[in-house]
Each structure stands twice: as structure tokens, then as C-alpha cells.
Amino acid sequence: MTSAKPMIELKDVQKWYGDYHALRGINAEIRAGEFFSLLGPSGCGKTTLLRTIAGFEDITSGVVMIDGKSMEDVPANQRPTNMVFQSYAIFPHLSVEQNVGFGLRRDPRTAVEKQKAVDEALEMVGLKGYGKRAAHALSGGQRQRVALARALILKPKVLLLDEPLSALDKKMREHMQVELIKLQRQVGITFILVTHDQEEALVMSDRIAVMFEGEIAQLDDPESLYRRPKTRKVADFIGVMNFLPATVLSEAGGKVDVDVHGFGRATIDAAQVSNSHDGATAVGFRPETLTLLYEGQVAADREAPGTVEEVVYYGDMTYYDVKLDGVAAPVRISMRNVFGREVLERGARTRVAWAPGALVLFR
Amino acid sequence: MKPNQNGLRSYTIIYLIFLYAPIILLPIFAFNDGTIIAFPLKGFTTKWFEQMAESDQLLTAVKNSLIVASASAISATILAIFAARASTRYEFRGKGGLMALIMLPLVLPEIIIAMAILVILLQMGLNLGLHTIILGHTLMCTPFAIAILTAAFQSLDKSLEEAAYDLGEDAFSTFRLIILPLVLPGIISSLLISFTISMDEFILAAFLGGTETTLPVYIYSQLRFPKAIPVIMAVATLLVAVSICLLIVAEYFRRRGIAKTGGKDTGGFL
Ligand SMILES: Nc1ncnc2c1ncn2[C@@H]1O[C@H](COP(=O)(O)OP(=O)(O)O)[C@@H](O)[C@H]1O
Ligand SMILES: [Mg+2]
């Protein structure tokens, strides 16, 4: 579905609000037909960037291209983009179908054809038969569907979504995530989603741009982002990552030999090395790459002894904080609760299985 | 605070009696068959209302008042739409001070405004008449209109405008299709309240009217004639009835406007 052709090109986009530097040189290419997410903590400039693409913010310098055309002198109402606002911005004095058909006002089609388009759009978002309802009487999830239908009916080249799921409760949010993915595949339009929820970004996106303080820290597909974060900050923001201090022993032929405190010696592939220079040299690894070994089990690769310091039981999962012998800070390990396997107690001695292939070296 | 409660309750009741008893007396004497405003009542009559309907001077005063009140309400509301829109949507230097100056006539003694305007008008050599009363009343009604309309514009989500713009409309059609319908209840409410204020305003009307009389000025001039007093009671009764109706309608529209835009009621004039 995704092709290499860029739908949006951002070249050194800078935005100043007075003396606040909101966008600090954004460079990115967003491919046609991809589900792209802008992920970052609140205040990092996600909304500003999205509004820049929509044409609601004048940038201080830089270039925004949509489908090969510079957007410099193109106002928001003439750009091939449509937006789903965070508040949904449903017109409260209009009915559902008047809302959905709002953008067709200047469309030369006949009233009958327009009605058909409205009905199709409503059906697409699962609101068939809701057309005559008053918009202000809808629930949060229904409003969001109306906002989607209203934006998609114009068949934009790019659909912009600003935290569209943050106002919904957990169940509804997870349901809508799947709906949005399906919808995007169905219409084939480029979606750009703003979110501060890393899980949501991982679930939904083809590619994700992680932003901090007006800059893109890393732009990658979800798996690379999760497995090979380029900086510790990205690693910390996406899920949980353990860090253990390490010392580089030698480096040759695309391999780095390190001594990891608590684990011992390991060889790390160059692809798993981040030269981020944002702190002391350390290796990082995800909680699920470690396994607690029970009586009689042996590690497939390597193992290290330790003591269980904390147990957090989640029903399907248990999180253990384990203090490895000789290391001050505990590491977090996640274990699926398999039937017949007991949950360990605090204070229990244990062994931890690990694999050098799962380590990322930050230096 | 138990011991205090009885005291507070009596105070409230006395206060309300003091406030409303005179108004309740108006219709009583308007229908009383006697020229003297005193108890005991003499019997029921509608002749004061009949006399009222036959007085040319009175009818002219009513007509003048209607003209002045309509014109003042419309001009004050139009001015207020611009001011409220500007103050709620745009940030500019000196906004706070400017808005305070515009709202000042709310608390400025009316007689001072009346005198100041009169002096200036006379200096400019303008003739006094209905148009000068309209000028004064517009000045006086505008702050009220701004207060109502600012609330209406404030409860408007900015992203509604952006959404309309995003969907292909321009600034003007966005105003017409989205903003105007949503603030319309506020506009109606502003028109009605301005109309009511202008309708019973006395000082400016007396100072700036020249030879033209509005209803309050006419009523005041008639108070010198004891025989005219029952007729005035009839006029006043009608006036009170109309004012109450207008205020109720105004409040209805204000509340509906808030409900429509999904905002919360932050209190109004009623
Ligand atoms: N209109 C504005 N004027 C001044 N500062 C703004 C404006 N809009 C956003 N900002 C600032 O720019 C930064 C980024 O905002 P925003 O893009 O909304 O962040 P995010 O959507 O990532 O939470 C914030 O610090 C915010 O305070
Ligand atoms: Mg935001």
C-alpha cells in the first residue's frame, strides 16, 4: 500500500512564537498512502507541525511541499488536506448529515448526488441512519466518526488527525484504533496522526516520528523504533528500557565487545549500536527480552544471578524488578503468566536468562 | 449560623416587599375608579386605559420611544458585535485598557454623560432631536450589548471556525455559516435588552431630546397634573408588562445560545 513517492516533504521547517522556538528545523518525508504518526510528550510541537501542514500556522522559514507542490502561498482552505480536530469541532447547530456534507457546499454535483456521498460517508464510519440527528446530541465516539466522515468526504490527499482518540475511554479508544487502521487501508489516503501515547503510535502507524522540543529525534517504523532506539530519550519514551552501565573493550569488523555490569562480556552487532552521546556508555534492553529461569531450566544463551526485589502482578503478565548481583539498580523483567508456573515472591533468589542479540549499546 | 437565619429571612422578605410593592400598586390603581391614588379602592374601571389610547401627545411619545429604542438597540448591537469579536478572538496591545474604557459608561453617572454630550452637541451646532437621543442611548446600551455578546463569542470554540475554513469556506462565509448562527441568540438577547434600557431611559432623553419627548419624559411631565396620574398608572402598567416580557425573551435566547454551543451558564443579567 505504501509507495516510495513522498506525499509531504518538510525541509528545515522553523517556527517561532515570539521568542519561543516551537519547531527547530523539521526535515521529513511522508510517503503517499502511509499511516504516519507524530509522537512526543505534550508541548513538543506536534500540533504546531500538524497545523503547519494544514496551513493554519505561518512558518518562520522552511518549505512545506504537498504532493510535489510548495504550500507557501496556499491558504488552508485550498490545501488538499483535511483535519480531524482534537475537540472534533462538530458544528453544534447542524444535523449530522449537514455536518458531513458541509464541505460539499461548493461542489458542483446535484443535491441527489451529494446526498448519496453523505450517506456513503456515514456508512463508511458506521453511522448509517444517523444523518437526521442533531450533532450536539451525539456521544464522544459518534462525534469523532462524524468528524472523520466530514473530512474524508472531500477525498483529501492527506488526512490530519490531532489526538483524535484522547477524549475517549480506554475500551472505545482501542476499538477506534482498529477502526482507524481499517479505514485508512480502505480509503488509501495518507493519514498523519498526532499522539502522545506511544502504544497508540506503535499499534497504528507504518512509520513514526518521535519529537522532543521541536525536533524529530527519530523517524522509523514501529519495530525499529522499539528495537533500535537511536537515543536513550527515545528508548525511555517508547515503552520501558533497562540500562546497565557498560565498558567498551574492543571494536572490530562491525562488532563491539563490551563488558556489561551484572551480565559480563558480550559482543554487540554494529547495527545495535547508537552513537547518541547522551550520557555514559550503557547497554539497553527491553523487559520482555529477559526470562526468569526456574528450577532445572537452563538459559538458551547466557544467564546472570540476582534477587527478586519487587513483584507487580497484572493478571496476564507479571513484572519483576530484579537486582542482578553486583549492580545497584534493579532491572525490570516481564513474564507471561503461563498456566502451572508460579509467580515468584519478593526476596527470592533467581537466575535471569539474556541474549547479547537483544542488547542495544548507547555510547 | 442558626441564630442568624430568622433575621436574614425577615430582611430578605422586607427587602422584596420594598422592591416590588410599588410595582404591584401600579396595576391596582390603573384599574381603580378614582382620581386619587389612595386606599380604599373605589371600584373597577378600564377608562384610564381608554383615555390613554386617545391622547395624541402620549401616542407621539410612545412612537418616539419605539423609534429611539429600536435604532439604539440596533446600533449598539452592531457596534458590540465588532467589539466582542475583536476582544475574544484577537490579542492586541492595550486591549484591556480599551475594553475598560468601552465598558465605563456602565458605571459612569448618567447625568455626567448627558451633560457632556449636550455641551459638545451644542458646541458643534447640531440640532437636538430623536437622532441625538439615539446617539446617547447607543453609547449607554453598547456596554450591556458587549457584555452579552462577549459571553456569546467566548463560548464559541475556535476550532469550529478553523474546521469550516479547512472544509473550503473563506473567512466571510465561515462567519455567515458558523459564527453568526451560533451567536444569534446572543444578538437577539442584546437587541432586546438594549431596547428595554433605551425604552425607559429618562436623563439622556430629557437632556438630548430638544422638543421631542419620549415616553419617560412625557410621563414625568404629566406628573404635575393630578388628574393625569391614573392615566400614567395605566401607561406604567403596560410598560412594566412589556419590559418583563422582553427580559424573559432575552434571557430565553441567552440560555438557548449557551446550550446550543454546549457551553456552561456563567450567569447573566437575570
Ligand atoms: N499560538 C501560540 N502562541 C505561543 N506559543 C504557542 C502557541 N501555540 C503553541 N505554542 C507553544 O508551542 C509549543 C508546542 O505546542 P504544541 O504544538 O501545541 O505542542 P503539542 O501538540 O506537542 O502538545 C508549546 O510550548 C506551546 O506552549
Ligand atoms: Mg497538541
# chains A, B, ... in the order shown; residues from 1 in each chain; ligands from 1

call {"tool": "residues_around", "arguments": {"residues": "Ala69 (chain B)", "least_positions_apart": "4", "cutoff": "9 Å", "atoms": "only C-alpha atoms", "output": "list in words"}}
result
Asn64, Ser65, Ala73, Ile74, Ile134, His137, Ser194, Phe195, Thr196, Ile197, Ser198, Met199 and Asp200 of chain B

call {"tool": "residues_near_ligand", "arguments": {"ligand": "ligand 2", "cutoff": "9 Å", "atoms": "only C-alpha atoms and all ligand atoms", "output": "JSON, numbers by chain"}}
result
{"A": [42, 43, 44, 45, 46, 47, 48, 50, 86, 162, 163, 194, 195, 196]}

call {"tool": "select_by_dssp", "arguments": {"residues": "region 70-222 of chain A", "states": "strand (DSSP E or B)", "output": "PyMOL selection string"}}
result
chain A and resi 70+81-84+95+134+158-162+190-195+207-212+215-220

call {"tool": "write_last_selection", "arguments": {"atoms": "N, CA, C and O atoms", "output": "short mmCIF file (atom, residue, chain, number, x, y, z; two decimals), in the first residue's frame"}}
result
data_model
loop_
_atom_site.label_atom_id
_atom_site.label_comp_id
_atom_site.auth_asym_id
_atom_site.auth_seq_id
_atom_site.Cartn_x
_atom_site.Cartn_y
_atom_site.Cartn_z
N SER A 70 4.81 23.35 -3.59
CA SER A 70 5.11 24.15 -2.41
C SER A 70 3.82 24.78 -1.89
O SER A 70 2.98 25.25 -2.65
N THR A 81 -5.65 18.99 2.10
CA THR A 81 -5.63 18.31 3.40
C THR A 81 -6.93 18.58 4.12
O THR A 81 -7.57 19.60 3.90
N ASN A 82 -7.34 17.65 4.95
CA ASN A 82 -8.46 17.91 5.85
C ASN A 82 -8.08 17.43 7.23
O ASN A 82 -7.24 16.56 7.39
N MET A 83 -8.73 18.05 8.23
CA MET A 83 -8.28 17.86 9.60
C MET A 83 -9.42 17.30 10.45
O MET A 83 -10.57 17.70 10.30
N VAL A 84 -9.05 16.39 11.35
CA VAL A 84 -9.97 15.97 12.41
C VAL A 84 -9.44 16.63 13.69
O VAL A 84 -8.34 16.30 14.13
N SER A 95 -27.31 19.36 11.71
CA SER A 95 -27.55 17.93 11.90
C SER A 95 -26.31 17.15 11.49
O SER A 95 -25.36 17.71 10.94
N ALA A 134 -29.45 15.50 15.61
CA ALA A 134 -28.78 16.76 15.95
C ALA A 134 -27.36 16.42 16.40
O ALA A 134 -27.16 15.51 17.18
N VAL A 158 -4.37 14.16 2.08
CA VAL A 158 -3.82 13.87 3.40
C VAL A 158 -4.89 14.14 4.45
O VAL A 158 -5.55 15.18 4.41
N LEU A 159 -5.07 13.20 5.37
CA LEU A 159 -5.97 13.43 6.50
C LEU A 159 -5.13 13.66 7.75
O LEU A 159 -4.25 12.87 8.07
N LEU A 160 -5.39 14.78 8.42
CA LEU A 160 -4.63 15.14 9.61
C LEU A 160 -5.49 14.89 10.84
O LEU A 160 -6.63 15.34 10.90
N LEU A 161 -4.94 14.17 11.80
CA LEU A 161 -5.72 13.85 13.00
C LEU A 161 -4.96 14.29 14.25
O LEU A 161 -3.86 13.79 14.51
N ASP A 162 -5.52 15.22 15.00
CA ASP A 162 -4.85 15.74 16.19
C ASP A 162 -5.40 15.05 17.44
O ASP A 162 -6.49 15.37 17.89
N THR A 190 -3.29 9.19 2.77
CA THR A 190 -2.22 9.37 3.74
C THR A 190 -2.80 9.92 5.04
O THR A 190 -3.48 10.94 5.03
N PHE A 191 -2.56 9.24 6.14
CA PHE A 191 -3.04 9.71 7.44
C PHE A 191 -1.84 10.21 8.25
O PHE A 191 -0.81 9.54 8.30
N ILE A 192 -1.99 11.38 8.86
CA ILE A 192 -0.97 11.83 9.81
C ILE A 192 -1.65 12.01 11.15
O ILE A 192 -2.56 12.82 11.30
N LEU A 193 -1.18 11.22 12.11
CA LEU A 193 -1.82 11.19 13.42
C LEU A 193 -0.89 11.81 14.46
O LEU A 193 0.29 11.49 14.51
N VAL A 194 -1.44 12.71 15.25
CA VAL A 194 -0.68 13.26 16.38
C VAL A 194 -1.10 12.52 17.64
O VAL A 194 -2.29 12.35 17.89
N THR A 195 -0.13 12.05 18.40
CA THR A 195 -0.48 11.38 19.66
C THR A 195 0.67 11.50 20.65
O THR A 195 1.82 11.68 20.27
N ARG A 207 4.89 4.37 9.99
CA ARG A 207 6.12 4.99 10.47
C ARG A 207 5.78 6.05 11.51
O ARG A 207 4.69 6.62 11.50
N ILE A 208 6.75 6.29 12.37
CA ILE A 208 6.54 7.21 13.48
C ILE A 208 7.69 8.21 13.54
O ILE A 208 8.85 7.82 13.40
N ALA A 209 7.35 9.49 13.74
CA ALA A 209 8.38 10.48 14.03
C ALA A 209 8.27 10.82 15.51
O ALA A 209 7.23 11.28 15.96
N VAL A 210 9.33 10.52 16.25
CA VAL A 210 9.32 10.85 17.68
C VAL A 210 9.89 12.25 17.84
O VAL A 210 10.98 12.55 17.35
N MET A 211 9.12 13.13 18.47
CA MET A 211 9.53 14.53 18.61
C MET A 211 9.82 14.88 20.06
O MET A 211 9.10 14.49 20.96
N PHE A 212 10.88 15.65 20.25
CA PHE A 212 11.15 16.28 21.54
C PHE A 212 11.50 17.73 21.28
O PHE A 212 12.33 18.02 20.42
N GLU A 215 11.94 19.15 17.75
CA GLU A 215 12.81 18.45 16.81
C GLU A 215 12.37 17.00 16.67
O GLU A 215 11.83 16.42 17.61
N ILE A 216 12.64 16.42 15.50
CA ILE A 216 12.38 15.00 15.33
C ILE A 216 13.62 14.24 15.82
O ILE A 216 14.71 14.41 15.29
N ALA A 217 13.43 13.43 16.85
CA ALA A 217 14.56 12.69 17.42
C ALA A 217 14.83 11.43 16.62
O ALA A 217 15.98 11.01 16.48
N GLN A 218 13.77 10.80 16.12
CA GLN A 218 13.94 9.59 15.32
C GLN A 218 12.70 9.38 14.47
O GLN A 218 11.58 9.56 14.92
N LEU A 219 12.94 8.98 13.22
CA LEU A 219 11.82 8.69 12.32
C LEU A 219 12.03 7.27 11.80
O LEU A 219 13.02 7.01 11.12
N ASP A 220 11.14 6.37 12.17
CA ASP A 220 11.35 4.97 11.85
C ASP A 220 10.04 4.21 11.86
O ASP A 220 9.02 4.73 12.30
#

call {"tool": "residues_around", "arguments": {"residues": "region 229-233 of chain A", "least_positions_apart": "2", "cutoff": "8 Å", "atoms": "only C-alpha atoms", "output": "list in words"}}
result
Ala217, Gln218, Ser224, Leu225, Tyr226, Arg227, Ala235, Asp236, Phe237, Ser274, Asn275, Ser276, Asp278 and Phe362 of chain A

call {"tool": "atom_distance", "arguments": {"atom1": "CA of Val119 (chain B)", "atom2": "CA of Ala205 (chain B)"}}
result
14.6 Å

call {"tool": "atom_distance", "arguments": {"atom1": "CA of Leu41 (chain B)", "atom2": "CA of Ile28 (chain B)"}}
result
8.6 Å

call {"tool": "closest_atom_pairs", "arguments": {"of": "chain B", "to": "chain A", "cutoff": "9 Å", "atoms": "only C-alpha atoms", "output": "Markdown table"}}
result
| residue | atom | partner | partner_atom | distance |
| --- | --- | --- | --- | --- |
| B:Asp157 | CA | A:Ala89 | CA | 7.5 |
| B:Lys158 | CA | A:Ala89 | CA | 8.5 |
| B:Ser159 | CA | A:Ala89 | CA | 5.7 |
| B:Leu160 | CA | A:Ala89 | CA | 4.9 |
| B:Glu161 | CA | A:Ala89 | CA | 8.5 |
| B:Glu162 | CA | A:Phe56 | CA | 7.9 |
| B:Ala163 | CA | A:Ala89 | CA | 6.5 |
| B:Ala164 | CA | A:Gly103 | CA | 7.8 |
| B:Tyr165 | CA | A:Asn77 | CA | 5.3 |
| B:Asp166 | CA | A:Asn77 | CA | 4.9 |
| B:Leu167 | CA | A:Gly103 | CA | 4.8 |
| B:Gly168 | CA | A:Asn77 | CA | 4.4 |
| B:Glu169 | CA | A:Asn77 | CA | 6.3 |
| B:Asp170 | CA | A:Asn77 | CA | 7.0 |
| B:Ile178 | CA | A:Phe91 | CA | 7.3 |
| B:Pro181 | CA | A:His93 | CA | 7.5 |
| B:Leu182 | CA | A:His93 | CA | 6.9 |
| B:Lys260 | CA | A:Pro92 | CA | 6.4 |
| B:Thr261 | CA | A:Pro92 | CA | 6.0 |
| B:Gly262 | CA | A:His136 | CA | 7.4 |

call {"tool": "atom_distance", "arguments": {"atom1": "CA of Ala167 (chain A)", "atom2": "CA of Phe153 (chain B)"}}
result
24.1 Å

call {"tool": "residues_around", "arguments": {"residues": "Arg265 (chain A)", "least_positions_apart": "4", "cutoff": "10 Å", "atoms": "only C-alpha atoms", "output": "ChimeraX atom specification"}}
result
/A:246-249,257-261,356

call {"tool": "closest_residue", "arguments": {"among": "A:Met176, A:Gln115, A:Gly214, A:Arg185", "to": "ligand 1", "atoms": "only C-alpha atoms and all ligand atoms"}}
result
A:Gly214

call {"tool": "select_by_dssp", "arguments": {"residues": "region 92-243 of chain B", "states": "helix (DSSP H, G or I)", "output": "PyMOL selection string"}}
result
chain B and resi 95-106+110-124+130-154+158-166+171-199+203-208+215-222+226-243

call {"tool": "write_last_selection", "arguments": {"atoms": "C-alpha atoms", "output": "compact mmCIF listing (two decimals), in the first residue's frame"}}
result
# COMPACT_ATOMS: atom_id res chain seq x y z
CA LYS B 95 -6.81 45.56 24.77
CA GLY B 96 -7.54 45.53 28.49
CA GLY B 97 -7.49 49.30 28.80
CA LEU B 98 -9.54 49.77 25.66
CA MET B 99 -12.23 47.35 26.79
CA ALA B 100 -12.35 49.04 30.22
CA LEU B 101 -12.91 52.41 28.55
CA ILE B 102 -15.69 50.99 26.38
CA MET B 103 -17.38 49.43 29.41
CA LEU B 104 -17.02 52.56 31.56
CA PRO B 105 -20.45 54.10 30.75
CA LEU B 106 -21.89 51.19 32.77
CA GLU B 110 -25.60 59.15 33.51
CA ILE B 111 -26.16 62.80 34.23
CA ILE B 112 -22.49 63.48 33.57
CA ILE B 113 -22.63 61.70 30.24
CA ALA B 114 -25.81 63.55 29.38
CA MET B 115 -24.35 66.96 30.20
CA ALA B 116 -21.08 66.25 28.41
CA ILE B 117 -22.82 65.13 25.24
CA LEU B 118 -25.20 68.07 25.37
CA VAL B 119 -22.35 70.57 25.67
CA ILE B 120 -20.49 69.03 22.77
CA LEU B 121 -23.57 68.81 20.54
CA LEU B 122 -24.44 72.43 21.21
CA GLN B 123 -20.85 73.47 20.55
CA MET B 124 -20.97 71.64 17.23
CA LEU B 130 -34.57 61.98 18.21
CA HIS B 131 -31.24 61.41 16.46
CA THR B 132 -29.33 62.90 19.38
CA ILE B 133 -31.24 60.75 21.87
CA ILE B 134 -30.36 57.73 19.73
CA LEU B 135 -26.72 58.76 19.90
CA GLY B 136 -26.81 58.95 23.69
CA HIS B 137 -28.74 55.72 24.08
CA THR B 138 -26.39 53.86 21.76
CA LEU B 139 -23.50 54.97 23.92
CA MET B 140 -25.32 53.77 27.00
CA CYS B 141 -26.55 50.45 25.62
CA THR B 142 -23.29 49.41 23.96
CA PRO B 143 -21.56 48.19 27.17
CA PHE B 144 -24.54 46.00 28.01
CA ALA B 145 -24.60 44.64 24.49
CA ILE B 146 -20.86 43.95 24.64
CA ALA B 147 -21.22 42.11 27.94
CA ILE B 148 -23.88 39.82 26.45
CA LEU B 149 -22.13 39.29 23.12
CA THR B 150 -18.70 38.71 24.64
CA ALA B 151 -20.21 35.79 26.53
CA ALA B 152 -21.74 34.51 23.31
CA PHE B 153 -18.49 34.80 21.33
CA GLN B 154 -16.44 33.37 24.16
CA LYS B 158 -12.16 28.49 17.80
CA SER B 159 -11.70 25.16 16.07
CA LEU B 160 -15.26 25.45 14.69
CA GLU B 161 -14.10 28.35 12.55
CA GLU B 162 -10.94 26.54 11.57
CA ALA B 163 -12.94 23.46 10.66
CA ALA B 164 -15.18 25.48 8.34
CA TYR B 165 -12.12 27.09 6.80
CA ASP B 166 -10.44 23.70 6.49
CA ALA B 171 -13.44 33.98 6.26
CA PHE B 172 -16.70 35.65 5.27
CA SER B 173 -18.72 32.51 4.58
CA THR B 174 -17.37 30.98 7.79
CA PHE B 175 -18.73 33.97 9.68
CA ARG B 176 -22.08 33.69 7.97
CA LEU B 177 -22.48 29.90 8.17
CA ILE B 178 -20.95 29.12 11.53
CA ILE B 179 -20.31 32.11 13.76
CA LEU B 180 -23.46 34.10 13.11
CA PRO B 181 -25.94 31.25 13.69
CA LEU B 182 -24.16 30.30 16.88
CA VAL B 183 -24.12 33.81 18.33
CA LEU B 184 -27.59 34.70 17.01
CA PRO B 185 -29.28 34.02 20.35
CA GLY B 186 -26.80 36.43 21.94
CA ILE B 187 -27.55 39.03 19.28
CA ILE B 188 -31.29 38.76 19.88
CA SER B 189 -30.78 38.93 23.59
CA SER B 190 -28.58 42.02 23.16
CA LEU B 191 -31.18 43.71 20.95
CA LEU B 192 -33.94 43.10 23.46
CA ILE B 193 -32.01 44.28 26.49
CA SER B 194 -30.73 47.38 24.70
CA PHE B 195 -34.28 48.09 23.57
CA THR B 196 -35.58 47.81 27.13
CA ILE B 197 -32.85 50.03 28.54
CA SER B 198 -33.45 52.71 25.92
CA MET B 199 -37.21 52.48 26.27
CA ILE B 203 -31.99 61.59 31.76
CA LEU B 204 -30.38 61.36 28.32
CA ALA B 205 -33.77 61.57 26.66
CA ALA B 206 -34.65 64.70 28.63
CA PHE B 207 -31.30 66.39 28.02
CA LEU B 208 -30.77 65.50 24.39
CA LEU B 215 -42.38 58.14 26.89
CA PRO B 216 -40.50 58.52 30.20
CA VAL B 217 -40.08 62.26 29.58
CA TYR B 218 -43.78 62.57 28.77
CA ILE B 219 -44.76 60.63 31.89
CA TYR B 220 -42.62 62.88 34.03
CA SER B 221 -44.15 65.99 32.51
CA GLN B 222 -47.65 64.71 33.25
CA PRO B 226 -53.07 65.26 39.48
CA LYS B 227 -55.88 64.37 37.08
CA ALA B 228 -53.45 62.75 34.69
CA ILE B 229 -51.99 60.41 37.29
CA PRO B 230 -54.38 57.45 36.84
CA VAL B 231 -53.65 57.51 33.10
CA ILE B 232 -49.94 57.46 33.88
CA MET B 233 -50.58 54.47 36.09
CA ALA B 234 -52.17 52.74 33.11
CA VAL B 235 -49.20 53.61 30.89
CA ALA B 236 -46.77 52.43 33.55
CA THR B 237 -48.68 49.16 33.94
CA LEU B 238 -48.34 48.45 30.24
CA LEU B 239 -44.68 49.44 30.31
CA VAL B 240 -43.89 47.07 33.16
CA ALA B 241 -45.72 44.24 31.39
CA VAL B 242 -43.83 44.82 28.14
CA SER B 243 -40.46 45.15 29.92

call {"tool": "closest_residue", "arguments": {"among": "B:Glu91, B:Val68, B:Arg256, B:Phe29", "to": "ligand 1", "atoms": "only C-alpha atoms and all ligand atoms"}}
result
B:Glu91

call {"tool": "residues_around", "arguments": {"residues": "Arg346 (chain A)", "least_positions_apart": "2", "cutoff": "8 Å", "atoms": "only C-alpha atoms", "output": "ChimeraX atom specification"}}
result
/A:308-311,344,348

call {"tool": "residues_around", "arguments": {"residues": "Val322 (chain A)", "least_positions_apart": "4", "cutoff": "7 Å", "atoms": "only C-alpha atoms", "output": "list in words"}}
result
Gly306, Thr307, Val308, Glu309, Pro330, Val331 and Arg332 of chain A

call {"tool": "decode", "arguments": {"residues": "region 10-42 of chain B", "atoms": "N, CA and C atoms", "output": "compact mmCIF listing (two decimals), in the first residue's frame"}}
result
# COMPACT_ATOMS: atom_id res chain seq x y z
N SER B 10 -36.22 37.54 57.52
CA SER B 10 -37.09 38.72 57.59
C SER B 10 -36.53 39.83 56.72
N TYR B 11 -35.20 39.97 56.79
CA TYR B 11 -34.56 41.02 55.99
C TYR B 11 -34.88 40.82 54.51
N THR B 12 -34.74 39.57 54.05
CA THR B 12 -35.00 39.27 52.64
C THR B 12 -36.45 39.59 52.27
N ILE B 13 -37.37 39.21 53.16
CA ILE B 13 -38.79 39.44 52.85
C ILE B 13 -39.10 40.94 52.81
N ILE B 14 -38.59 41.67 53.80
CA ILE B 14 -38.83 43.12 53.81
C ILE B 14 -38.25 43.76 52.56
N TYR B 15 -37.06 43.31 52.21
CA TYR B 15 -36.38 43.85 51.03
C TYR B 15 -37.24 43.64 49.77
N LEU B 16 -37.75 42.41 49.63
CA LEU B 16 -38.53 42.11 48.43
C LEU B 16 -39.82 42.92 48.40
N ILE B 17 -40.46 43.10 49.58
CA ILE B 17 -41.69 43.90 49.64
C ILE B 17 -41.39 45.33 49.22
N PHE B 18 -40.31 45.85 49.78
CA PHE B 18 -39.92 47.23 49.48
C PHE B 18 -39.68 47.40 47.99
N LEU B 19 -39.11 46.35 47.38
CA LEU B 19 -38.75 46.43 45.97
C LEU B 19 -39.98 46.32 45.07
N TYR B 20 -40.89 45.41 45.41
CA TYR B 20 -41.95 45.09 44.46
C TYR B 20 -43.31 45.66 44.80
N ALA B 21 -43.54 46.06 46.06
CA ALA B 21 -44.86 46.59 46.42
C ALA B 21 -45.27 47.76 45.54
N PRO B 22 -44.38 48.74 45.30
CA PRO B 22 -44.79 49.87 44.46
C PRO B 22 -45.19 49.43 43.06
N ILE B 23 -44.49 48.43 42.55
CA ILE B 23 -44.79 47.98 41.19
C ILE B 23 -46.14 47.29 41.15
N ILE B 24 -46.45 46.56 42.24
CA ILE B 24 -47.75 45.89 42.30
C ILE B 24 -48.88 46.91 42.43
N LEU B 25 -48.55 48.07 43.08
CA LEU B 25 -49.57 49.11 43.23
C LEU B 25 -49.98 49.71 41.88
N LEU B 26 -49.05 49.74 40.92
CA LEU B 26 -49.35 50.35 39.62
C LEU B 26 -50.61 49.79 38.99
N PRO B 27 -50.68 48.48 38.71
CA PRO B 27 -51.89 47.97 38.07
C PRO B 27 -53.13 48.13 38.96
N ILE B 28 -52.93 48.07 40.28
CA ILE B 28 -54.11 48.22 41.17
C ILE B 28 -54.77 49.57 40.93
N PHE B 29 -53.97 50.63 40.90
CA PHE B 29 -54.57 51.95 40.72
C PHE B 29 -54.91 52.24 39.26
N ALA B 30 -54.27 51.53 38.37
CA ALA B 30 -54.61 51.72 36.95
C ALA B 30 -56.03 51.27 36.66
N PHE B 31 -56.49 50.31 37.45
CA PHE B 31 -57.86 49.83 37.25
C PHE B 31 -58.84 50.38 38.30
N ASN B 32 -58.38 51.35 39.14
CA ASN B 32 -59.20 51.87 40.22
C ASN B 32 -60.05 53.05 39.71
N ASP B 33 -61.32 53.03 40.02
CA ASP B 33 -62.24 54.06 39.53
C ASP B 33 -62.19 55.28 40.45
N GLY B 34 -61.08 56.03 40.41
CA GLY B 34 -60.98 57.25 41.23
C GLY B 34 -59.71 57.98 40.86
N THR B 35 -59.69 59.31 40.94
CA THR B 35 -58.51 60.06 40.53
C THR B 35 -57.46 60.14 41.62
N ILE B 36 -57.84 59.85 42.86
CA ILE B 36 -56.88 59.98 43.95
C ILE B 36 -56.21 58.63 44.20
N ILE B 37 -54.86 58.71 44.28
CA ILE B 37 -54.11 57.47 44.49
C ILE B 37 -54.07 57.19 45.99
N ALA B 38 -55.11 56.55 46.48
CA ALA B 38 -55.15 56.23 47.91
C ALA B 38 -56.15 55.11 48.14
N PHE B 39 -55.93 54.37 49.22
CA PHE B 39 -56.92 53.37 49.62
C PHE B 39 -58.03 54.07 50.39
N PRO B 40 -59.23 53.61 50.53
CA PRO B 40 -59.71 52.37 49.92
C PRO B 40 -59.99 52.52 48.43
N LEU B 41 -59.98 51.41 47.73
CA LEU B 41 -60.23 51.43 46.30
C LEU B 41 -61.70 51.72 46.04
N LYS B 42 -61.95 52.33 44.86
CA LYS B 42 -63.32 52.77 44.59
C LYS B 42 -64.12 51.78 43.75
